[in-house]
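One file, structure.tsv, carrying TSV, N, CA and C atoms:
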```tsv
chain	number	residue	atom	x	y	z
A	210	MET	N	-7.66	-1.47	29.45
A	210	MET	CA	-7.28	-2.69	28.77
A	210	MET	C	-6.45	-3.56	29.70
A	211	ALA	N	-5.51	-2.94	30.42
A	211	ALA	CA	-4.66	-3.72	31.32
A	211	ALA	C	-5.49	-4.51	32.32
A	212	GLU	N	-6.48	-3.84	32.89
A	212	GLU	CA	-7.33	-4.50	33.87
A	212	GLU	C	-8.09	-5.67	33.25
A	213	LYS	N	-8.64	-5.46	32.06
A	213	LYS	CA	-9.41	-6.51	31.40
A	213	LYS	C	-8.55	-7.70	30.99
A	214	LEU	N	-7.27	-7.45	30.74
A	214	LEU	CA	-6.36	-8.54	30.36
A	214	LEU	C	-5.65	-9.15	31.56
A	215	GLY	N	-5.80	-8.52	32.72
A	215	GLY	CA	-5.17	-9.05	33.93
A	215	GLY	C	-3.66	-8.81	33.96
A	216	VAL	N	-3.25	-7.67	33.40
A	216	VAL	CA	-1.83	-7.30	33.42
A	216	VAL	C	-1.71	-5.88	33.97
A	217	SER	N	-0.49	-5.46	34.25
A	217	SER	CA	-0.28	-4.11	34.77
A	217	SER	C	-0.27	-3.08	33.63
A	218	ARG	N	-0.49	-1.84	34.00
A	218	ARG	CA	-0.41	-0.75	33.00
A	218	ARG	C	1.01	-0.67	32.43
A	219	GLN	N	2.00	-0.97	33.25
A	219	GLN	CA	3.38	-0.94	32.79
A	219	GLN	C	3.62	-1.98	31.69
A	220	THR	N	2.98	-3.13	31.85
A	220	THR	CA	3.10	-4.19	30.84
A	220	THR	C	2.54	-3.69	29.51
A	221	VAL	N	1.36	-3.08	29.55
A	221	VAL	CA	0.75	-2.55	28.33
A	221	VAL	C	1.64	-1.46	27.73
A	222	SER	N	2.20	-0.62	28.58
A	222	SER	CA	3.11	0.43	28.12
A	222	SER	C	4.31	-0.16	27.38
A	223	LYS	N	4.84	-1.26	27.90
A	223	LYS	CA	5.97	-1.93	27.24
A	223	LYS	C	5.56	-2.49	25.87
A	224	TRP	N	4.32	-2.96	25.76
A	224	TRP	CA	3.83	-3.43	24.45
A	224	TRP	C	3.75	-2.27	23.48
A	225	GLU	N	3.24	-1.14	23.98
A	225	GLU	CA	3.05	0.03	23.12
A	225	GLU	C	4.37	0.62	22.63
A	226	THR	N	5.41	0.48	23.43
A	226	THR	CA	6.72	1.03	23.04
A	226	THR	C	7.63	-0.03	22.40
A	227	ASP	N	7.05	-1.20	22.11
A	227	ASP	CA	7.79	-2.29	21.48
A	227	ASP	C	8.95	-2.81	22.31
A	228	GLU	N	8.89	-2.58	23.62
A	228	GLU	CA	9.91	-3.12	24.51
A	228	GLU	C	9.71	-4.63	24.68
A	229	THR	N	8.43	-5.03	24.77
A	229	THR	CA	8.07	-6.44	24.84
A	229	THR	C	6.82	-6.65	23.98
A	230	VAL	N	6.39	-7.89	23.84
A	230	VAL	CA	5.16	-8.21	23.12
A	230	VAL	C	4.30	-9.10	24.01
A	231	PRO	N	2.99	-9.04	23.82
A	231	PRO	CA	2.10	-9.90	24.63
A	231	PRO	C	2.35	-11.37	24.32
A	232	ASP	N	2.16	-12.23	25.32
A	232	ASP	CA	2.27	-13.66	25.04
A	232	ASP	C	0.99	-14.12	24.34
A	233	ILE	N	0.93	-15.36	23.95
A	233	ILE	CA	-0.18	-15.87	23.14
A	233	ILE	C	-1.50	-15.78	23.91
A	234	ARG	N	-1.50	-16.06	25.22
A	234	ARG	CA	-2.75	-15.98	26.00
A	234	ARG	C	-3.26	-14.55	26.06
A	235	GLN	N	-2.35	-13.61	26.29
A	235	GLN	CA	-2.73	-12.20	26.34
A	235	GLN	C	-3.22	-11.73	24.97
A	236	SER	N	-2.58	-12.21	23.93
A	236	SER	CA	-2.99	-11.84	22.58
A	236	SER	C	-4.39	-12.36	22.26
A	237	LYS	N	-4.66	-13.58	22.69
A	237	LYS	CA	-6.00	-14.15	22.47
A	237	LYS	C	-7.06	-13.34	23.22
A	238	LYS	N	-6.76	-12.96	24.47
A	238	LYS	CA	-7.69	-12.14	25.24
A	238	LYS	C	-7.91	-10.78	24.55
A	239	MET	N	-6.83	-10.22	24.04
A	239	MET	CA	-6.93	-8.93	23.36
A	239	MET	C	-7.80	-9.04	22.11
A	240	ALA	N	-7.64	-10.11	21.37
A	240	ALA	CA	-8.45	-10.33	20.17
A	240	ALA	C	-9.93	-10.41	20.54
A	241	VAL	N	-10.24	-11.11	21.62
A	241	VAL	CA	-11.63	-11.20	22.07
A	241	VAL	C	-12.12	-9.82	22.52
A	242	LEU	N	-11.31	-9.12	23.26
A	242	LEU	CA	-11.66	-7.78	23.76
A	242	LEU	C	-12.01	-6.83	22.61
A	243	TYR	N	-11.24	-6.89	21.53
A	243	TYR	CA	-11.46	-5.98	20.39
A	243	TYR	C	-12.33	-6.61	19.29
A	244	ASN	N	-12.83	-7.80	19.57
A	244	ASN	CA	-13.73	-8.48	18.64
A	244	ASN	C	-13.11	-8.67	17.25
A	245	VAL	N	-11.86	-9.13	17.23
A	245	VAL	CA	-11.16	-9.46	15.99
A	245	VAL	C	-10.51	-10.82	16.15
A	246	SER	N	-10.16	-11.43	15.03
A	246	SER	CA	-9.44	-12.70	15.13
A	246	SER	C	-8.00	-12.43	15.54
A	247	LEU	N	-7.34	-13.44	16.01
A	247	LEU	CA	-5.93	-13.31	16.38
A	247	LEU	C	-5.11	-12.92	15.15
A	248	ASP	N	-5.43	-13.50	14.00
A	248	ASP	CA	-4.74	-13.13	12.76
A	248	ASP	C	-4.91	-11.66	12.44
A	249	GLU	N	-6.14	-11.16	12.58
A	249	GLU	CA	-6.40	-9.74	12.30
A	249	GLU	C	-5.63	-8.85	13.26
A	250	LEU	N	-5.57	-9.23	14.52
A	250	LEU	CA	-4.85	-8.45	15.52
A	250	LEU	C	-3.37	-8.36	15.16
A	251	ILE	N	-2.80	-9.47	14.78
A	251	ILE	CA	-1.38	-9.49	14.43
A	251	ILE	C	-1.13	-8.76	13.12
A	252	ASP	N	-1.97	-8.99	12.11
A	252	ASP	CA	-1.81	-8.32	10.82
A	252	ASP	C	-1.95	-6.82	10.96
A	253	PHE	N	-2.93	-6.36	11.76
A	253	PHE	CA	-3.15	-4.93	11.94
A	253	PHE	C	-1.90	-4.28	12.49
A	254	ASP	N	-1.32	-4.86	13.52
A	254	ASP	CA	-0.13	-4.31	14.14
A	254	ASP	C	1.02	-4.24	13.14
A	255	THR	N	1.22	-5.31	12.38
A	255	THR	CA	2.29	-5.34	11.38
A	255	THR	C	2.04	-4.32	10.29
A	256	ASP	N	0.81	-4.26	9.80
A	256	ASP	CA	0.48	-3.31	8.73
A	256	ASP	C	0.75	-1.88	9.15
A	257	ILE	N	0.33	-1.51	10.36
A	257	ILE	CA	0.52	-0.15	10.85
A	257	ILE	C	2.01	0.18	10.93
A	258	LYS	N	2.79	-0.73	11.46
A	258	LYS	CA	4.24	-0.49	11.58
A	258	LYS	C	4.87	-0.36	10.19
A	259	GLU	N	4.49	-1.23	9.26
A	259	GLU	CA	5.05	-1.17	7.91
A	259	GLU	C	4.67	0.13	7.22
A	260	ILE	N	3.44	0.55	7.38
A	260	ILE	CA	2.99	1.80	6.77
A	260	ILE	C	3.76	2.97	7.36
A	261	GLN	N	3.90	3.00	8.68
A	261	GLN	CA	4.63	4.11	9.32
A	261	GLN	C	6.09	4.13	8.85
A	262	GLU	N	6.70	2.97	8.75
A	262	GLU	CA	8.09	2.91	8.27
A	262	GLU	C	8.19	3.42	6.84
A	263	ALA	N	7.26	3.05	6.00
A	263	ALA	CA	7.26	3.51	4.60
A	263	ALA	C	7.10	5.02	4.55
A	264	ILE	N	6.20	5.56	5.37
A	264	ILE	CA	6.00	7.02	5.40
A	264	ILE	C	7.29	7.71	5.84
A	265	ASP	N	7.90	7.20	6.89
A	265	ASP	CA	9.13	7.81	7.42
A	265	ASP	C	10.26	7.79	6.40
A	266	LYS	N	10.33	6.74	5.57
A	266	LYS	CA	11.43	6.59	4.62
A	266	LYS	C	11.20	7.33	3.29
A	267	THR	N	9.97	7.76	3.03
A	267	THR	CA	9.66	8.38	1.75
A	267	THR	C	10.04	9.85	1.74
A	268	SER	N	10.90	10.21	0.81
A	268	SER	CA	11.31	11.61	0.71
A	268	SER	C	10.26	12.41	-0.04
A	269	GLU	N	10.30	13.73	0.10
A	269	GLU	CA	9.35	14.59	-0.62
A	269	GLU	C	9.53	14.42	-2.13
A	270	GLU	N	10.76	14.23	-2.57
A	270	GLU	CA	11.04	14.05	-4.00
A	270	GLU	C	10.35	12.79	-4.53
A	271	THR	N	10.43	11.71	-3.78
A	271	THR	CA	9.77	10.46	-4.18
A	271	THR	C	8.25	10.64	-4.14
A	272	GLU	N	7.77	11.30	-3.10
A	272	GLU	CA	6.33	11.54	-2.95
A	272	GLU	C	5.76	12.27	-4.16
A	273	GLU	N	6.51	13.23	-4.68
A	273	GLU	CA	6.06	14.01	-5.84
A	273	GLU	C	5.87	13.12	-7.07
A	274	LYS	N	6.60	12.04	-7.16
A	274	LYS	CA	6.55	11.17	-8.34
A	274	LYS	C	5.41	10.16	-8.28
A	275	ILE	N	4.81	9.98	-7.11
A	275	ILE	CA	3.78	8.95	-6.95
A	275	ILE	C	2.43	9.49	-7.40
A	276	ASP	N	1.75	8.72	-8.23
A	276	ASP	CA	0.38	9.04	-8.63
A	276	ASP	C	-0.53	8.42	-7.57
A	277	TRP	N	-0.88	9.20	-6.54
A	277	TRP	CA	-1.62	8.68	-5.41
A	277	TRP	C	-3.01	8.20	-5.81
A	278	THR	N	-3.64	8.90	-6.75
A	278	THR	CA	-4.97	8.48	-7.19
A	278	THR	C	-4.90	7.10	-7.80
A	279	ASN	N	-3.94	6.87	-8.65
A	279	ASN	CA	-3.77	5.56	-9.28
A	279	ASN	C	-3.40	4.49	-8.24
A	280	ALA	N	-2.51	4.85	-7.32
A	280	ALA	CA	-2.08	3.89	-6.30
A	280	ALA	C	-3.26	3.47	-5.41
A	281	TRP	N	-4.02	4.44	-4.92
A	281	TRP	CA	-5.17	4.11	-4.07
A	281	TRP	C	-6.33	3.56	-4.89
A	282	GLY	N	-6.35	3.88	-6.18
A	282	GLY	CA	-7.41	3.39	-7.06
A	282	GLY	C	-7.41	1.88	-7.20
A	283	LYS	N	-6.29	1.25	-6.97
A	283	LYS	CA	-6.23	-0.21	-7.01
A	283	LYS	C	-7.07	-0.81	-5.88
A	284	LYS	N	-7.08	-0.12	-4.75
A	284	LYS	CA	-7.87	-0.60	-3.61
A	284	LYS	C	-9.29	-0.04	-3.65
A	285	TYR	N	-9.42	1.20	-4.11
A	285	TYR	CA	-10.71	1.89	-4.16
A	285	TYR	C	-10.98	2.35	-5.60
A	286	PRO	N	-11.56	1.48	-6.42
A	286	PRO	CA	-11.76	1.77	-7.85
A	286	PRO	C	-12.54	3.05	-8.15
A	287	ILE	N	-13.34	3.53	-7.22
A	287	ILE	CA	-14.09	4.76	-7.45
A	287	ILE	C	-13.14	5.92	-7.77
A	288	LEU	N	-11.93	5.87	-7.23
A	288	LEU	CA	-10.96	6.95	-7.47
A	288	LEU	C	-10.51	7.01	-8.93
A	289	LEU	N	-10.68	5.91	-9.66
A	289	LEU	CA	-10.26	5.88	-11.06
A	289	LEU	C	-11.39	6.22	-12.01
A	290	LYS	N	-12.63	6.31	-11.49
A	290	LYS	CA	-13.74	6.55	-12.41
A	290	LYS	C	-14.63	7.74	-12.07
A	291	TYR	N	-14.49	8.33	-10.89
A	291	TYR	CA	-15.41	9.39	-10.49
A	291	TYR	C	-15.31	10.64	-11.37
A	292	GLN	N	-14.14	10.89	-11.96
A	292	GLN	CA	-13.93	12.11	-12.74
A	292	GLN	C	-14.95	12.27	-13.86
A	293	ALA	N	-15.42	11.16	-14.41
A	293	ALA	CA	-16.39	11.22	-15.50
A	293	ALA	C	-17.82	11.42	-15.00
A	294	GLU	N	-18.03	11.26	-13.69
A	294	GLU	CA	-19.38	11.29	-13.15
A	294	GLU	C	-19.67	12.49	-12.25
A	295	VAL	N	-18.66	13.03	-11.59
A	295	VAL	CA	-18.84	14.05	-10.57
A	295	VAL	C	-18.61	15.45	-11.15
A	296	ASN	N	-19.40	16.41	-10.68
A	296	ASN	CA	-19.22	17.81	-11.08
A	296	ASN	C	-18.04	18.37	-10.28
A	297	ILE	N	-16.84	18.07	-10.74
A	297	ILE	CA	-15.63	18.43	-10.01
A	297	ILE	C	-15.48	19.93	-9.80
A	298	PRO	N	-15.71	20.78	-10.82
A	298	PRO	CA	-15.56	22.23	-10.59
A	298	PRO	C	-16.42	22.75	-9.44
A	299	ASN	N	-17.61	22.22	-9.28
A	299	ASN	CA	-18.50	22.63	-8.20
A	299	ASN	C	-17.86	22.34	-6.84
A	300	TYR	N	-17.38	21.11	-6.67
A	300	TYR	CA	-16.75	20.75	-5.40
A	300	TYR	C	-15.42	21.46	-5.22
A	301	ALA	N	-14.66	21.60	-6.28
A	301	ALA	CA	-13.35	22.26	-6.20
A	301	ALA	C	-13.51	23.71	-5.75
A	302	GLN	N	-14.52	24.38	-6.24
A	302	GLN	CA	-14.76	25.78	-5.86
A	302	GLN	C	-15.04	25.87	-4.36
A	303	ARG	N	-15.88	24.98	-3.86
A	303	ARG	CA	-16.24	25.00	-2.44
A	303	ARG	C	-15.04	24.61	-1.56
A	304	ILE	N	-14.26	23.68	-2.03
A	304	ILE	CA	-13.06	23.28	-1.28
A	304	ILE	C	-12.05	24.41	-1.26
A	305	ASN	N	-11.88	25.09	-2.39
A	305	ASN	CA	-10.97	26.24	-2.44
A	305	ASN	C	-11.37	27.32	-1.44
A	306	ILE	N	-12.66	27.56	-1.29
A	306	ILE	CA	-13.14	28.54	-0.31
A	306	ILE	C	-12.74	28.11	1.10
A	307	MET	N	-12.94	26.82	1.42
A	307	MET	CA	-12.58	26.33	2.75
A	307	MET	C	-11.08	26.41	2.98
A	308	LEU	N	-10.28	26.10	1.96
A	308	LEU	CA	-8.82	26.21	2.10
A	308	LEU	C	-8.41	27.65	2.35
A	309	ASP	N	-9.01	28.58	1.60
A	309	ASP	CA	-8.69	30.00	1.78
A	309	ASP	C	-9.08	30.47	3.18
A	310	GLU	N	-10.23	29.99	3.68
A	310	GLU	CA	-10.65	30.36	5.04
A	310	GLU	C	-9.65	29.86	6.08
A	311	LEU	N	-9.21	28.62	5.94
A	311	LEU	CA	-8.22	28.08	6.88
A	311	LEU	C	-6.92	28.88	6.83
A	312	LYS	N	-6.48	29.22	5.64
A	312	LYS	CA	-5.24	30.01	5.50
A	312	LYS	C	-5.40	31.38	6.14
A	313	GLN	N	-6.53	32.03	5.88
A	313	GLN	CA	-6.76	33.38	6.40
A	313	GLN	C	-6.99	33.37	7.91
A	314	ASP	N	-7.87	32.49	8.39
A	314	ASP	CA	-8.24	32.49	9.80
A	314	ASP	C	-7.12	32.01	10.72
A	315	TYR	N	-6.28	31.09	10.23
A	315	TYR	CA	-5.26	30.49	11.09
A	315	TYR	C	-3.83	30.68	10.59
A	316	GLN	N	-3.68	31.46	9.52
A	316	GLN	CA	-2.37	31.73	8.93
A	316	GLN	C	-1.62	30.46	8.54
A	317	PHE	N	-2.38	29.44	8.08
A	317	PHE	CA	-1.76	28.22	7.59
A	317	PHE	C	-1.19	28.47	6.20
A	318	ASN	N	-0.12	27.76	5.88
A	318	ASN	CA	0.35	27.79	4.50
A	318	ASN	C	-0.53	26.84	3.69
A	319	GLU	N	-0.31	26.80	2.39
A	319	GLU	CA	-1.16	26.01	1.49
A	319	GLU	C	-1.23	24.54	1.89
A	320	GLN	N	-0.06	23.95	2.14
A	320	GLN	CA	-0.01	22.53	2.48
A	320	GLN	C	-0.68	22.26	3.83
A	321	ASP	N	-0.40	23.09	4.83
A	321	ASP	CA	-1.00	22.86	6.14
A	321	ASP	C	-2.52	22.99	6.08
A	322	ALA	N	-3.02	23.96	5.33
A	322	ALA	CA	-4.47	24.12	5.19
A	322	ALA	C	-5.08	22.88	4.56
A	323	MET	N	-4.42	22.35	3.52
A	323	MET	CA	-4.93	21.14	2.86
A	323	MET	C	-4.92	19.96	3.82
A	324	LEU	N	-3.84	19.80	4.59
A	324	LEU	CA	-3.75	18.68	5.52
A	324	LEU	C	-4.80	18.78	6.62
A	325	VAL	N	-5.03	19.99	7.12
A	325	VAL	CA	-6.06	20.18	8.15
A	325	VAL	C	-7.43	19.86	7.58
A	326	LEU	N	-7.73	20.36	6.38
A	326	LEU	CA	-9.03	20.09	5.76
A	326	LEU	C	-9.21	18.59	5.49
A	327	LYS	N	-8.15	17.96	5.03
A	327	LYS	CA	-8.21	16.52	4.78
A	327	LYS	C	-8.48	15.75	6.08
A	328	ASP	N	-7.84	16.17	7.17
A	328	ASP	CA	-8.04	15.50	8.45
A	328	ASP	C	-9.46	15.74	8.97
A	329	ILE	N	-9.97	16.94	8.80
A	329	ILE	CA	-11.35	17.22	9.21
A	329	ILE	C	-12.31	16.35	8.41
A	330	LEU	N	-12.10	16.27	7.11
A	330	LEU	CA	-12.95	15.46	6.25
A	330	LEU	C	-12.91	13.99	6.68
A	331	TYR	N	-11.72	13.48	6.97
A	331	TYR	CA	-11.58	12.10	7.42
A	331	TYR	C	-12.36	11.87	8.71
A	332	ASN	N	-12.23	12.79	9.66
A	332	ASN	CA	-12.92	12.62	10.94
A	332	ASN	C	-14.43	12.71	10.79
A	333	VAL	N	-14.92	13.57	9.91
A	333	VAL	CA	-16.35	13.63	9.64
A	333	VAL	C	-16.81	12.30	9.06
A	334	TRP	N	-16.05	11.77	8.10
A	334	TRP	CA	-16.40	10.47	7.50
A	334	TRP	C	-16.40	9.37	8.55
A	335	LYS	N	-15.37	9.36	9.40
A	335	LYS	CA	-15.26	8.32	10.43
A	335	LYS	C	-16.45	8.39	11.39
A	336	ASN	N	-16.86	9.60	11.77
A	336	ASN	CA	-18.01	9.76	12.66
A	336	ASN	C	-19.30	9.30	11.99
A	337	ARG	N	-19.47	9.64	10.71
A	337	ARG	CA	-20.68	9.21	9.98
A	337	ARG	C	-20.70	7.70	9.85
A	338	LYS	N	-19.54	7.11	9.58
A	338	LYS	CA	-19.43	5.66	9.44
A	338	LYS	C	-19.80	4.98	10.75
A	339	GLY	N	-19.36	5.54	11.86
A	339	GLY	CA	-19.66	4.98	13.18
A	339	GLY	C	-21.14	5.06	13.50
A	340	LYS	N	-21.80	6.10	13.06
A	340	LYS	CA	-23.24	6.26	13.34
A	340	LYS	C	-24.09	5.34	12.49
A	341	SER	N	-23.57	4.91	11.34
A	341	SER	CA	-24.36	4.06	10.44
A	341	SER	C	-24.33	2.59	10.85
A	342	LYS	N	-23.50	2.26	11.84
A	342	LYS	CA	-23.41	0.85	12.28
A	342	LYS	C	-24.56	0.47	13.17
```
Entire entry expressed as structure tokens:
Amino acid sequence: MAEKLGVSRQTVSKWETDETVPDIRQSKKMAVLYNVSLDELIDFDTDIKEIQEAIDKTSEETEEKIDWTNAWGKKYPILLKYQAEVNIPNYAQRINIMLDELKQDYQFNEQDAMLVLKDILYNVWKNRKGKSK
């Protein structure tokens, strides 16, 4: 990226560590490089930082009180309606087997097994999404 923008790797490193920010010309070049608008480039950066800050500030106690299905359902309505359409016990049984395998094979605790399985599922989805383009 540094080469394509005509800046040093150190300059890019300073952007990544929030020591400095790209100027408007560099930002425009970056937007072209990543095939996004300048607004999208700026919004993406802000959104990621805000999300990370929110995650860092959220305690486990607060997390327990959040209805994640309802919260994400506002953005992804399928999460609010699939329960009436999907054979949940069938999928739950298969997921439980995978969780048990992760726990047994790698000595993960319940939460770690779930997080690993969730991350694997996300990466499979991301790869399938990339192939469909």
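Contact shell of Lys237 in chain A at 6.5 Å (all atoms listed in the file; same-chain neighbours under 5 positions omitted): A:Asp232, A:Leu242, A:Leu247.
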Need the neighbours of (-8.9, 21.6, 2.7): which residues are at most 7 Å away, counting all atoms listed in the file, as JSON, numbers by chain?
{"A": [304, 305, 307, 308, 322, 323, 324, 325, 326, 327]}
Please measure the separation of CA of Gly215 in chain A and atom C of Arg234 in chain A, giving the value in Å to one decimal.
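These atoms are spaced 9.8 Å apart.
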Taking all listed atoms of range 314-327 of chain A, build the axis-aligned box, pad each of the six sides by 6 Å, then write its centre and edge lengths in Å to one decimal as JSON.
```
{"center_x": -4.4, "center_y": 24.1, "center_z": 6.3, "size_x": 21.6, "size_y": 28.7, "size_z": 21.6}
```
What does the distance between atom N of Met239 in chain A and CA of Lys284 in chain A come to in Å, to one decimal place?
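It comes out at 29.3 Å.
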How many Å lie between atom N of Gln219 in chain A and atom N of Asp252 in chain A, rounded to one decimal?
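Pair atom N of Gln219 in chain A / atom N of Asp252 in chain A returns 23.0 Å.
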